[in-house]
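The structure appears right after this line, and notes come after that.
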There are 2 protein chains.
Amino acid sequence: MATVDVSLGEKSYQVHVANGALDRVGYLCERLRMSGKAAIITDSNVCPLYAERLVQSLQDAEYEHSLHVFEAGEQSKNLSTVETLVNEMVAEGHDRSSFVIALGGGVVGDMAGFIASIYYRGIPFIQVPTTVMAQVDSSVGGKTAVDISAGKNLIGAFYQPKMVVADPTTLLSLSPRVIREGMAEMVKHAAIRAPRMLQALQRLADEIDLGFSLNTIEHLPTLIAENIEIKARIVEADEKETKGVRAYLNFGHTLGHGIEASVPYGELLHGEVVSLGIRAALYLSAKYGKISPGESKEILRTLRVLELPLELPPRIDIETALDKTAKDKKFCSGSIRFVLLNSLGHPVLSEDVTAQDLKDALLHLTTPVQEY
Amino acid sequence: MATVDVSLGEKSYQVHVANGALDRVGYLCERLRMSGKAAIITDSNVCPLYAERLVQSLQDAEYEHSLHVFEAGEQSKNLSTVETLVNEMVAEGHDRSSFVIALGGGVVGDMAGFIASIYYRGIPFIQVPTTVMAQVDSSVGGKTAVDISAGKNLIGAFYQPKMVVADPTTLLSLSPRVIREGMAEMVKHAAIRAPRMLQALQRLADEIDLGFSLNTIEHLPTLIAENIEIKARIVEADEKETKGVRAYLNFGHTLGHGIEASVPYGELLHGEVVSLGIRAALYLSAKYGKISPGESKEILRTLRVLELPLELPPRIDIETALDKTAKDKKFCSGSIRFVLLNSLGHPVLSEDVTAQDLKDALLHLTTPVQEY
């Protein structure tokens with residue numbers, strides 16, 4: 001089992017990554033001296049796949065528990081679902097001594113974490129992420145949120161879990177498209193902190209459609225833990241994104257969010273717009289004389305072999321995407337803080353990027369990638 | 001100006017109490033180096049009375065601001081109002097650099113504080129309480145919450161304000177009934193920490209219907225600051241109500257909440273059920289051989305001269321009130337932790353109180369108070 005420490009003073013916790021860890025959640029809760037009843041929050045996709053095993057492991061450790069399932073999808077990530085789930089939890093007798101277990105992908109983690117942060121003004125919670133995106137990124141770092149009509153993730157809390165338990169074998173049930181989109185965040189991690197990981201990601205590409213080899217499965221925990229290490233170190237340096245460092249994790253996300261918000265939800269997955277956003281950010285990094293063409297190409301080549309999009313679909317309206325980018329919350333008091341790469345592994349926050357630059361970058365995405 | 005320090009490490013803040021302080025909020029924000037735009041959240045009762053003066057003071061200090069008004073009353077304290085107000089704030093261009101000002105009573109403070117705690121995962125907020133209840137109790141201590149169908153205050157956050165500005169002259173616009181109910185919390189403070197305050201409260205009683213004398217108005221800031229001191233010291237000792245000390249503030253509240261939940265909202269004000277709850281708690285304190293009859297009588301006499309209820313209205317169903325009490329969140333994992341008085345000024349957390357005791361105490365409330 002790979003274990004990553006996230007050191008945040010009183011809020012420190014451990015991330016356990018191991019094949020088969022799903023069946024050990026109850027044991028790990030016991031070891032952590034979690035007390036009280038567990039409220040498992042999951043969605044309609046994940047529940048039939050993994051809830052039974054989680055429930056069994058809690059039973060083995062003699063935890064009382066209840067199961068709360070909402071309809072899978074970002075469209076459920078709202079205050080109405082929050083209220084429904086909280087009412088269910090109250091009806092099941094959960095009080096301030098209970099704890100929450102989030103079983104699922106990013107939407108489940110965001111919602112269950114937010115519920116834990118506000119239920120009786122805050123109860124402990126544990127993340128059990130089951131997607132690439134959630135395991136390498138969203139389950140670690142304490143960002144929780146739900147959407148409102150004015151925009152995505154506009155309300156939420158910085159609320160750290162007490163533990164994260166990632167079982168890479170749960171990734172084997174994901175569709176290739178969902179695996180690919182999660183890997184976009186791994187490419188991001190490689191770009192800002194671990195360039196040598198790009199090769200490893202390229203080698204995985206061939207196996208995504210065919211299914212991972214046993215050898216790959218054996219090594220998944222190490223690769224995932226490496227990604228979590230990167231995220232953990234950044235979160236430790238800047239837990240609440242006030243010092244600029246955590247903003248590095250937004251590499252590829254600023255224009256990515258604008259593109260994401262300009263199409264109906266689900267047309268492009270989050271990792272897919274991150275892939276587009278990374279290409280745009282590399283274009284601007286080059287424009288401001290930072291990264292070398294060879295380094296850019298290495299990143300683009302990785303995204304391409306992972307079959308992640310690099311060209312903007314024709315139906316995307318540039319002006320809409322720009323407008324949505326301007327409204328995105330990554331902007332601070334009107335000024336644009338854009339993450340560029342100085343070189344592979346070395347991001348920098350730039351305030352030089354203009355609105356015209358953003359437009360140019362989006363237009364650049366309408367052109368084919370020239371070469372790798 | 002009386003100033004009370006609330007010392008909570010990085011979350012420390014000051015409470016300023018002064019007649020006319022409402023017109024100095026902008027200046028005080030400036031002194032505190034608050035930056036960004038202010039989102040004023042208030043209700044339909046308070047807005048016409050005080051919003052203009054607050055807005056003027058923010059203009060004088062050159063703060064950009066917007067005003068967000070919801071319909072007065074506990075029935076507005078829900079997630080639907082939260083979402084409406086948050087959407088309004090986004091439309092007004094507030095981002096993570098903005099701050100919230102809560103202008104109003106307990107409902108406004110609870111809701112605005114909760115919104116501040118979740119808007120962009122948390123932005124600073126300032127409390128400007130305008131009722132007795134909010135000035136002496138709810139604006140200090142960082143408890144924020146909204147109601148859901150399963151119960152009152154079931155979701156919320158511990159989220160401390162950056163500053164509290166209480167202007168006692170705003171109390172002059174309150175109805176006598178609302179002044180009286182707020183004073184129930186002052187009686188509670190006197191009972192658990194400052195017995196000599198009981199005399200001062202009794203002396204105020206005569207003036208509530210007639211209007212406070214100029215002499216009284218001059219001394220209100222001192223009396224209010226004394227109450228805030230009591231609350232602040234308790235909150236400092238136990239910010240998140242995990243150590244038992246903060247539970248002392250629930251004196252009179254356990255059965256009070258049960259009674260409150262058993263009648264339609266608004267029939268009995270919060271302070272009125274606290275008055276009933278205090279009598280019940282005194283009955284149980286006596287039963288367990290703690291407080292002397294003379295001490296109990298002194299508290300009851302104070303509640304009586306303040307014209308706060310001491311007998312349960314006949315329409316209240318004891319079983320319903322008991323059931324609601326059992327469901328109230330002050331219960332921890334099924335065991336009852338009940339605040340009794342050992343003597344005036346000396347509360348104690350007891351686990352001796354049984355369900356039958358609670359019923360007896362409620363039945364006791366159906367009998368007239370014998371003597372003072």
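Letters for chains follow the order of the structure tokens (A, B, ...), residue numbers begin at 1 for each chain, and ligand numbers begin at 1 in the order shown.
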| task | Write down, as a PyMOL selection string, each residue of chain B that has any atom within 10 Å of an atom of chain A, counting only C-alpha atoms. | result | chain B and resi 36-37+78-80+82-84+86-91+93-98+114-122+143-151+153-159+240+327-334
| task | Might you pull out every residue within 10 Å of A:Ala190, with only C-alpha atoms counted and same-chain residues fewer than 2 positions away left off, and present them as a ChimeraX atom specification? | result | /A:184-188,192-201,226-227,230,299,344-345
Could those residues be written to a file, using all heavy atoms, as a short mmCIF file (atom, residue, chain, number, x, y, z; two decimals), in the first residue's frame?
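Once written, selection_35.cif looks like this:
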data_model
loop_
_atom_site.label_atom_id
_atom_site.label_comp_id
_atom_site.auth_asym_id
_atom_site.auth_seq_id
_atom_site.Cartn_x
_atom_site.Cartn_y
_atom_site.Cartn_z
N ALA A 184 -5.92 13.58 -18.20
CA ALA A 184 -5.55 14.97 -18.52
C ALA A 184 -5.00 15.66 -17.28
O ALA A 184 -4.06 16.47 -17.37
CB ALA A 184 -6.77 15.73 -19.06
N GLU A 185 -5.55 15.35 -16.10
CA GLU A 185 -5.03 15.97 -14.87
C GLU A 185 -3.64 15.42 -14.54
O GLU A 185 -2.82 16.11 -13.92
CB GLU A 185 -5.99 15.75 -13.69
CG GLU A 185 -7.40 16.34 -13.87
CD GLU A 185 -7.45 17.87 -13.77
OE1 GLU A 185 -6.40 18.52 -13.59
OE2 GLU A 185 -8.56 18.43 -13.90
N MET A 186 -3.40 14.18 -14.94
CA MET A 186 -2.06 13.62 -14.72
C MET A 186 -1.05 14.32 -15.65
O MET A 186 0.08 14.61 -15.25
CB MET A 186 -2.07 12.11 -14.94
CG MET A 186 -2.97 11.37 -13.93
SD MET A 186 -3.36 9.66 -14.39
CE MET A 186 -1.97 8.79 -13.69
N VAL A 187 -1.47 14.60 -16.88
CA VAL A 187 -0.61 15.35 -17.79
C VAL A 187 -0.33 16.74 -17.18
O VAL A 187 0.80 17.23 -17.21
CB VAL A 187 -1.25 15.49 -19.19
CG1 VAL A 187 -0.41 16.42 -20.08
CG2 VAL A 187 -1.42 14.12 -19.84
N LYS A 188 -1.36 17.33 -16.61
CA LYS A 188 -1.16 18.63 -15.95
C LYS A 188 -0.13 18.52 -14.83
O LYS A 188 0.79 19.34 -14.74
CB LYS A 188 -2.50 19.14 -15.38
CG LYS A 188 -2.38 20.46 -14.64
CD LYS A 188 -3.63 20.75 -13.81
CE LYS A 188 -3.64 19.93 -12.52
NZ LYS A 188 -4.82 20.20 -11.68
N ILE A 192 3.52 20.55 -14.68
CA ILE A 192 3.91 21.57 -13.70
C ILE A 192 4.93 21.06 -12.69
O ILE A 192 5.61 21.86 -12.04
CB ILE A 192 2.68 22.16 -12.94
CG1 ILE A 192 1.96 21.10 -12.10
CG2 ILE A 192 1.72 22.82 -13.93
CD1 ILE A 192 0.88 21.68 -11.17
N ARG A 193 5.07 19.74 -12.54
CA ARG A 193 5.94 19.26 -11.47
C ARG A 193 6.79 18.03 -11.79
O ARG A 193 7.77 17.77 -11.09
CB ARG A 193 5.10 18.91 -10.22
CG ARG A 193 4.70 20.09 -9.35
CD ARG A 193 5.89 20.69 -8.62
NE ARG A 193 5.51 21.72 -7.67
CZ ARG A 193 5.56 23.03 -7.92
NH1 ARG A 193 5.93 23.47 -9.11
NH2 ARG A 193 5.23 23.91 -6.96
N ALA A 194 6.41 17.24 -12.80
CA ALA A 194 7.10 15.94 -12.98
C ALA A 194 7.19 15.56 -14.45
O ALA A 194 6.56 14.59 -14.89
CB ALA A 194 6.35 14.87 -12.19
N PRO A 195 8.02 16.28 -15.21
CA PRO A 195 8.08 16.05 -16.66
C PRO A 195 8.33 14.58 -17.04
O PRO A 195 7.77 14.10 -18.03
CB PRO A 195 9.26 16.92 -17.10
CG PRO A 195 9.39 17.97 -16.04
CD PRO A 195 8.91 17.36 -14.78
N ARG A 196 9.11 13.88 -16.22
CA ARG A 196 9.41 12.51 -16.62
C ARG A 196 8.19 11.61 -16.60
O ARG A 196 8.19 10.53 -17.19
CB ARG A 196 10.54 11.92 -15.76
CG ARG A 196 10.22 11.83 -14.33
CD ARG A 196 11.25 11.32 -13.38
NE ARG A 196 10.72 11.55 -12.03
CZ ARG A 196 9.66 10.91 -11.52
NH1 ARG A 196 9.04 9.98 -12.21
NH2 ARG A 196 9.22 11.22 -10.31
N MET A 197 7.12 12.06 -15.93
CA MET A 197 5.89 11.24 -15.91
C MET A 197 5.23 11.19 -17.29
O MET A 197 4.42 10.29 -17.57
CB MET A 197 4.91 11.79 -14.87
CG MET A 197 3.91 10.74 -14.36
SD MET A 197 2.38 11.48 -13.78
CE MET A 197 2.92 12.52 -12.46
N LEU A 198 5.55 12.17 -18.14
CA LEU A 198 4.92 12.20 -19.47
C LEU A 198 5.15 10.89 -20.22
O LEU A 198 4.24 10.36 -20.86
CB LEU A 198 5.46 13.39 -20.28
CG LEU A 198 5.03 14.79 -19.79
CD1 LEU A 198 5.78 15.87 -20.55
CD2 LEU A 198 3.52 14.98 -19.93
N GLN A 199 6.36 10.36 -20.13
CA GLN A 199 6.68 9.10 -20.81
C GLN A 199 5.80 7.96 -20.27
O GLN A 199 5.27 7.16 -21.04
CB GLN A 199 8.16 8.72 -20.58
CG GLN A 199 9.16 9.82 -20.89
CD GLN A 199 9.26 10.10 -22.37
OE1 GLN A 199 9.06 9.19 -23.18
NE2 GLN A 199 9.52 11.34 -22.73
N ALA A 200 5.66 7.91 -18.99
CA ALA A 200 4.87 6.84 -18.38
C ALA A 200 3.42 6.92 -18.86
O ALA A 200 2.78 5.90 -19.13
CB ALA A 200 4.94 6.95 -16.86
N LEU A 201 2.92 8.15 -18.97
CA LEU A 201 1.53 8.32 -19.41
C LEU A 201 1.39 7.89 -20.88
O LEU A 201 0.40 7.25 -21.25
CB LEU A 201 1.09 9.77 -19.22
CG LEU A 201 1.09 10.26 -17.77
CD1 LEU A 201 0.71 11.73 -17.68
CD2 LEU A 201 0.14 9.43 -16.92
N GLU A 226 2.00 8.91 -6.97
CA GLU A 226 2.93 9.95 -7.42
C GLU A 226 2.16 11.23 -7.74
O GLU A 226 2.57 12.34 -7.40
CB GLU A 226 3.70 9.45 -8.65
CG GLU A 226 4.78 10.40 -9.09
CD GLU A 226 5.58 9.88 -10.30
OE1 GLU A 226 5.31 8.74 -10.76
OE2 GLU A 226 6.45 10.62 -10.77
N ASN A 227 1.01 11.07 -8.38
CA ASN A 227 0.18 12.24 -8.69
C ASN A 227 -0.36 12.89 -7.41
O ASN A 227 -0.41 14.11 -7.30
CB ASN A 227 -0.98 11.83 -9.60
CG ASN A 227 -0.56 11.80 -11.06
OD1 ASN A 227 -0.59 12.82 -11.74
ND2 ASN A 227 -0.12 10.63 -11.52
N ILE A 230 2.20 15.05 -5.73
CA ILE A 230 2.35 16.37 -6.36
C ILE A 230 1.26 17.31 -5.85
O ILE A 230 1.52 18.43 -5.41
CB ILE A 230 2.27 16.23 -7.90
CG1 ILE A 230 3.52 15.50 -8.41
CG2 ILE A 230 2.12 17.61 -8.56
CD1 ILE A 230 3.43 15.06 -9.86
N ILE A 299 4.45 17.78 -24.34
CA ILE A 299 3.15 17.75 -23.64
C ILE A 299 2.02 17.48 -24.63
O ILE A 299 1.14 16.64 -24.38
CB ILE A 299 2.92 19.08 -22.89
CG1 ILE A 299 3.99 19.25 -21.80
CG2 ILE A 299 1.52 19.12 -22.27
CD1 ILE A 299 3.96 20.61 -21.12
N LEU A 344 9.29 22.98 -18.71
CA LEU A 344 8.63 21.77 -18.20
C LEU A 344 8.89 21.66 -16.69
O LEU A 344 10.04 21.69 -16.25
CB LEU A 344 9.20 20.54 -18.90
CG LEU A 344 8.43 20.04 -20.13
CD1 LEU A 344 9.07 18.78 -20.68
CD2 LEU A 344 6.97 19.80 -19.77
N GLY A 345 7.82 21.55 -15.93
CA GLY A 345 7.98 21.40 -14.48
C GLY A 345 8.06 22.70 -13.73
O GLY A 345 8.13 22.70 -12.49
#
| request: Would you please give, as a PyMOL selection string, all residues of stretch 157-320 of chain B that DSSP assigns to strand (DSSP E or B) based on the backbone? | output: chain B and resi 157-158+163-166
Using only N, CA and C atoms, please write the residues we just selected to a file, as a PDB file, in the first residue's frame.
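Output contents, as saved in out.pdb:
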ATOM      1  N   ALA B 157     -22.388  26.387   9.540  1.00  0.00           N
ATOM      2  CA  ALA B 157     -20.929  26.348   9.683  1.00  0.00           C
ATOM      3  C   ALA B 157     -20.536  27.084  10.952  1.00  0.00           C
ATOM      4  N   PHE B 158     -19.429  26.675  11.529  1.00  0.00           N
ATOM      5  CA  PHE B 158     -18.764  27.522  12.513  1.00  0.00           C
ATOM      6  C   PHE B 158     -17.908  28.489  11.712  1.00  0.00           C
ATOM      7  N   MET B 163     -15.595  41.086  12.424  1.00  0.00           N
ATOM      8  CA  MET B 163     -15.896  42.193  13.335  1.00  0.00           C
ATOM      9  C   MET B 163     -17.407  42.174  13.590  1.00  0.00           C
ATOM     10  N   VAL B 164     -17.790  42.616  14.784  1.00  0.00           N
ATOM     11  CA  VAL B 164     -19.208  42.806  15.086  1.00  0.00           C
ATOM     12  C   VAL B 164     -19.380  44.265  15.504  1.00  0.00           C
ATOM     13  N   VAL B 165     -20.365  44.933  14.934  1.00  0.00           N
ATOM     14  CA  VAL B 165     -20.641  46.333  15.288  1.00  0.00           C
ATOM     15  C   VAL B 165     -22.086  46.409  15.766  1.00  0.00           C
ATOM     16  N   ALA B 166     -22.266  46.631  17.074  1.00  0.00           N
ATOM     17  CA  ALA B 166     -23.603  46.664  17.649  1.00  0.00           C
ATOM     18  C   ALA B 166     -23.950  48.094  18.060  1.00  0.00           C
TER      19      ALA B 166
END
| request: Could you find all residues in stretch 151-340 of chain A that DSSP calls helix (DSSP H, G or I) from the backbone, and write them as an MDAnalysis selection string? | output: chainID A and resid 168:173 176:193 197:210 214:237 246:250 254:261 270:287 293:305 318:327
I'd like the neighbourhood of B:Ile179 as a compact mmCIF listing (two decimals) with N, CA, C and O atoms, in the first residue's frame, where a residue qualifies if any of its atoms comes within 10 Å (using only C-alpha atoms), though same-chain residues fewer than 3 positions away should be ignored.
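And here's result-v7.txt as it stands now:
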# COMPACT_ATOMS: atom_id res chain seq x y z
N THR B 131 -31.00 43.57 16.84
CA THR B 131 -31.98 43.18 17.85
C THR B 131 -31.22 42.85 19.14
O THR B 131 -30.01 42.61 19.13
N VAL B 132 -31.95 42.81 20.24
CA VAL B 132 -31.33 42.43 21.52
C VAL B 132 -30.72 41.04 21.39
O VAL B 132 -29.56 40.80 21.73
N MET B 133 -31.54 40.11 20.86
CA MET B 133 -31.08 38.72 20.70
C MET B 133 -29.78 38.65 19.92
O MET B 133 -28.85 37.94 20.30
N LEU B 171 -32.09 49.22 18.83
CA LEU B 171 -33.08 48.47 19.61
C LEU B 171 -34.34 49.28 19.86
O LEU B 171 -35.39 48.73 20.18
N LEU B 172 -34.22 50.61 19.73
CA LEU B 172 -35.36 51.48 20.05
C LEU B 172 -36.51 51.30 19.08
O LEU B 172 -37.64 51.68 19.37
N SER B 173 -36.24 50.69 17.92
CA SER B 173 -37.33 50.47 16.96
C SER B 173 -38.00 49.11 17.13
O SER B 173 -38.92 48.77 16.40
N LEU B 174 -37.53 48.32 18.10
CA LEU B 174 -38.11 46.99 18.29
C LEU B 174 -39.41 47.07 19.08
O LEU B 174 -39.59 47.94 19.92
N SER B 175 -40.31 46.11 18.82
CA SER B 175 -41.53 46.02 19.62
C SER B 175 -41.16 45.53 21.02
O SER B 175 -40.16 44.82 21.19
N PRO B 176 -41.97 45.90 22.04
CA PRO B 176 -41.69 45.41 23.39
C PRO B 176 -41.54 43.89 23.45
O PRO B 176 -40.66 43.37 24.13
N GLY B 182 -35.46 38.97 23.60
CA GLY B 182 -34.00 39.06 23.58
C GLY B 182 -33.44 39.06 24.98
O GLY B 182 -32.35 38.51 25.25
N MET B 183 -34.20 39.65 25.91
CA MET B 183 -33.71 39.73 27.28
C MET B 183 -33.69 38.37 27.97
O MET B 183 -32.99 38.17 28.98
N ALA B 184 -34.45 37.41 27.42
CA ALA B 184 -34.38 36.05 27.98
C ALA B 184 -32.95 35.51 27.90
O ALA B 184 -32.48 34.81 28.81
N ILE B 208 -39.69 48.89 29.34
CA ILE B 208 -39.81 48.26 28.02
C ILE B 208 -41.05 48.75 27.28
O ILE B 208 -40.99 49.09 26.10
N ASP B 209 -42.19 48.81 27.98
CA ASP B 209 -43.40 49.25 27.30
C ASP B 209 -43.40 50.75 27.03
O ASP B 209 -43.89 51.22 26.02
N GLY B 271 -36.92 33.59 22.44
CA GLY B 271 -36.65 33.97 23.82
C GLY B 271 -37.77 33.54 24.76
O GLY B 271 -37.53 33.28 25.95
N LEU B 306 -40.06 40.63 33.53
CA LEU B 306 -39.84 40.92 32.11
C LEU B 306 -41.02 40.45 31.26
O LEU B 306 -41.00 40.56 30.03
Test item: residues at most 8 Å from stretch 57-70 of chain A, only C-alpha atoms, excluding those fewer than 5 positions along its chain, as a compact mmCIF listing (two decimals) with N, CA, C and O atoms, in the first residue's frame:
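Wrote it out as out05.txt, contents follow:
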# COMPACT_ATOMS: atom_id res chain seq x y z
N LEU A 22 -10.68 -0.91 -1.33
CA LEU A 22 -12.12 -0.71 -1.10
C LEU A 22 -12.64 -1.66 -0.02
O LEU A 22 -13.50 -1.28 0.78
N ASP A 23 -12.11 -2.87 0.01
CA ASP A 23 -12.58 -3.85 0.99
C ASP A 23 -11.97 -3.63 2.38
O ASP A 23 -12.25 -4.39 3.31
N ARG A 24 -11.11 -2.63 2.48
CA ARG A 24 -10.42 -2.39 3.74
C ARG A 24 -10.84 -1.06 4.37
O ARG A 24 -10.22 -0.64 5.36
N VAL A 25 -11.85 -0.41 3.82
CA VAL A 25 -12.23 0.91 4.32
C VAL A 25 -12.66 0.84 5.79
O VAL A 25 -12.26 1.66 6.62
N GLY A 26 -13.47 -0.17 6.12
CA GLY A 26 -13.92 -0.31 7.50
C GLY A 26 -12.74 -0.48 8.45
O GLY A 26 -12.65 0.18 9.50
N TYR A 27 -11.82 -1.36 8.07
CA TYR A 27 -10.61 -1.57 8.88
C TYR A 27 -9.83 -0.27 9.05
O TYR A 27 -9.38 0.08 10.15
N GLU A 30 -11.48 2.07 11.43
CA GLU A 30 -11.24 1.62 12.80
C GLU A 30 -9.85 2.06 13.26
O GLU A 30 -9.67 2.58 14.36
N GLY A 36 -18.94 6.57 15.77
CA GLY A 36 -20.24 6.99 15.27
C GLY A 36 -20.67 6.23 14.04
O GLY A 36 -19.97 5.34 13.55
N LYS A 37 -21.84 6.62 13.56
CA LYS A 37 -22.41 5.96 12.38
C LYS A 37 -21.87 6.56 11.10
O LYS A 37 -21.57 7.75 11.04
N ALA A 38 -21.78 5.73 10.07
CA ALA A 38 -21.30 6.21 8.76
C ALA A 38 -22.48 6.45 7.83
O ALA A 38 -23.36 5.61 7.71
N ALA A 39 -22.48 7.61 7.16
CA ALA A 39 -23.44 7.89 6.10
C ALA A 39 -22.68 7.80 4.78
O ALA A 39 -21.85 8.65 4.48
N ILE A 40 -22.95 6.75 4.02
CA ILE A 40 -22.29 6.59 2.72
C ILE A 40 -23.07 7.38 1.68
O ILE A 40 -24.27 7.18 1.52
N ILE A 41 -22.40 8.30 1.01
CA ILE A 41 -23.04 9.05 -0.07
C ILE A 41 -22.40 8.61 -1.38
O ILE A 41 -21.18 8.62 -1.53
N THR A 42 -23.25 8.20 -2.32
CA THR A 42 -22.74 7.73 -3.61
C THR A 42 -23.77 8.06 -4.69
O THR A 42 -24.81 8.63 -4.41
N ASP A 43 -23.46 7.73 -5.96
CA ASP A 43 -24.42 8.04 -7.02
C ASP A 43 -24.93 6.76 -7.68
O ASP A 43 -24.47 5.66 -7.38
N SER A 44 -25.90 6.94 -8.57
CA SER A 44 -26.60 5.80 -9.16
C SER A 44 -25.69 4.96 -10.07
O SER A 44 -26.01 3.82 -10.37
N CYS A 47 -23.11 3.14 -7.11
CA CYS A 47 -23.77 2.31 -6.09
C CYS A 47 -23.83 0.83 -6.47
O CYS A 47 -23.37 -0.03 -5.70
N SER A 76 -26.87 16.90 -10.88
CA SER A 76 -27.36 16.64 -9.51
C SER A 76 -26.59 17.44 -8.47
O SER A 76 -26.99 17.48 -7.29
N THR A 81 -30.26 18.69 -4.23
CA THR A 81 -29.78 17.35 -3.86
C THR A 81 -29.18 17.36 -2.45
O THR A 81 -29.38 16.42 -1.67
N LEU A 85 -30.47 14.86 0.50
CA LEU A 85 -29.57 13.93 1.18
C LEU A 85 -29.49 14.22 2.68
O LEU A 85 -29.48 13.31 3.51
N GLU A 88 -32.51 12.94 4.38
CA GLU A 88 -32.39 11.48 4.51
C GLU A 88 -31.49 11.11 5.69
O GLU A 88 -31.80 10.20 6.45
N MET A 89 -30.38 11.82 5.79
CA MET A 89 -29.43 11.51 6.87
C MET A 89 -30.06 11.75 8.24
O MET A 89 -29.87 10.97 9.18
N GLU A 92 -32.32 9.00 9.08
CA GLU A 92 -31.58 7.79 9.47
C GLU A 92 -30.93 7.94 10.85
O GLU A 92 -30.17 7.06 11.28
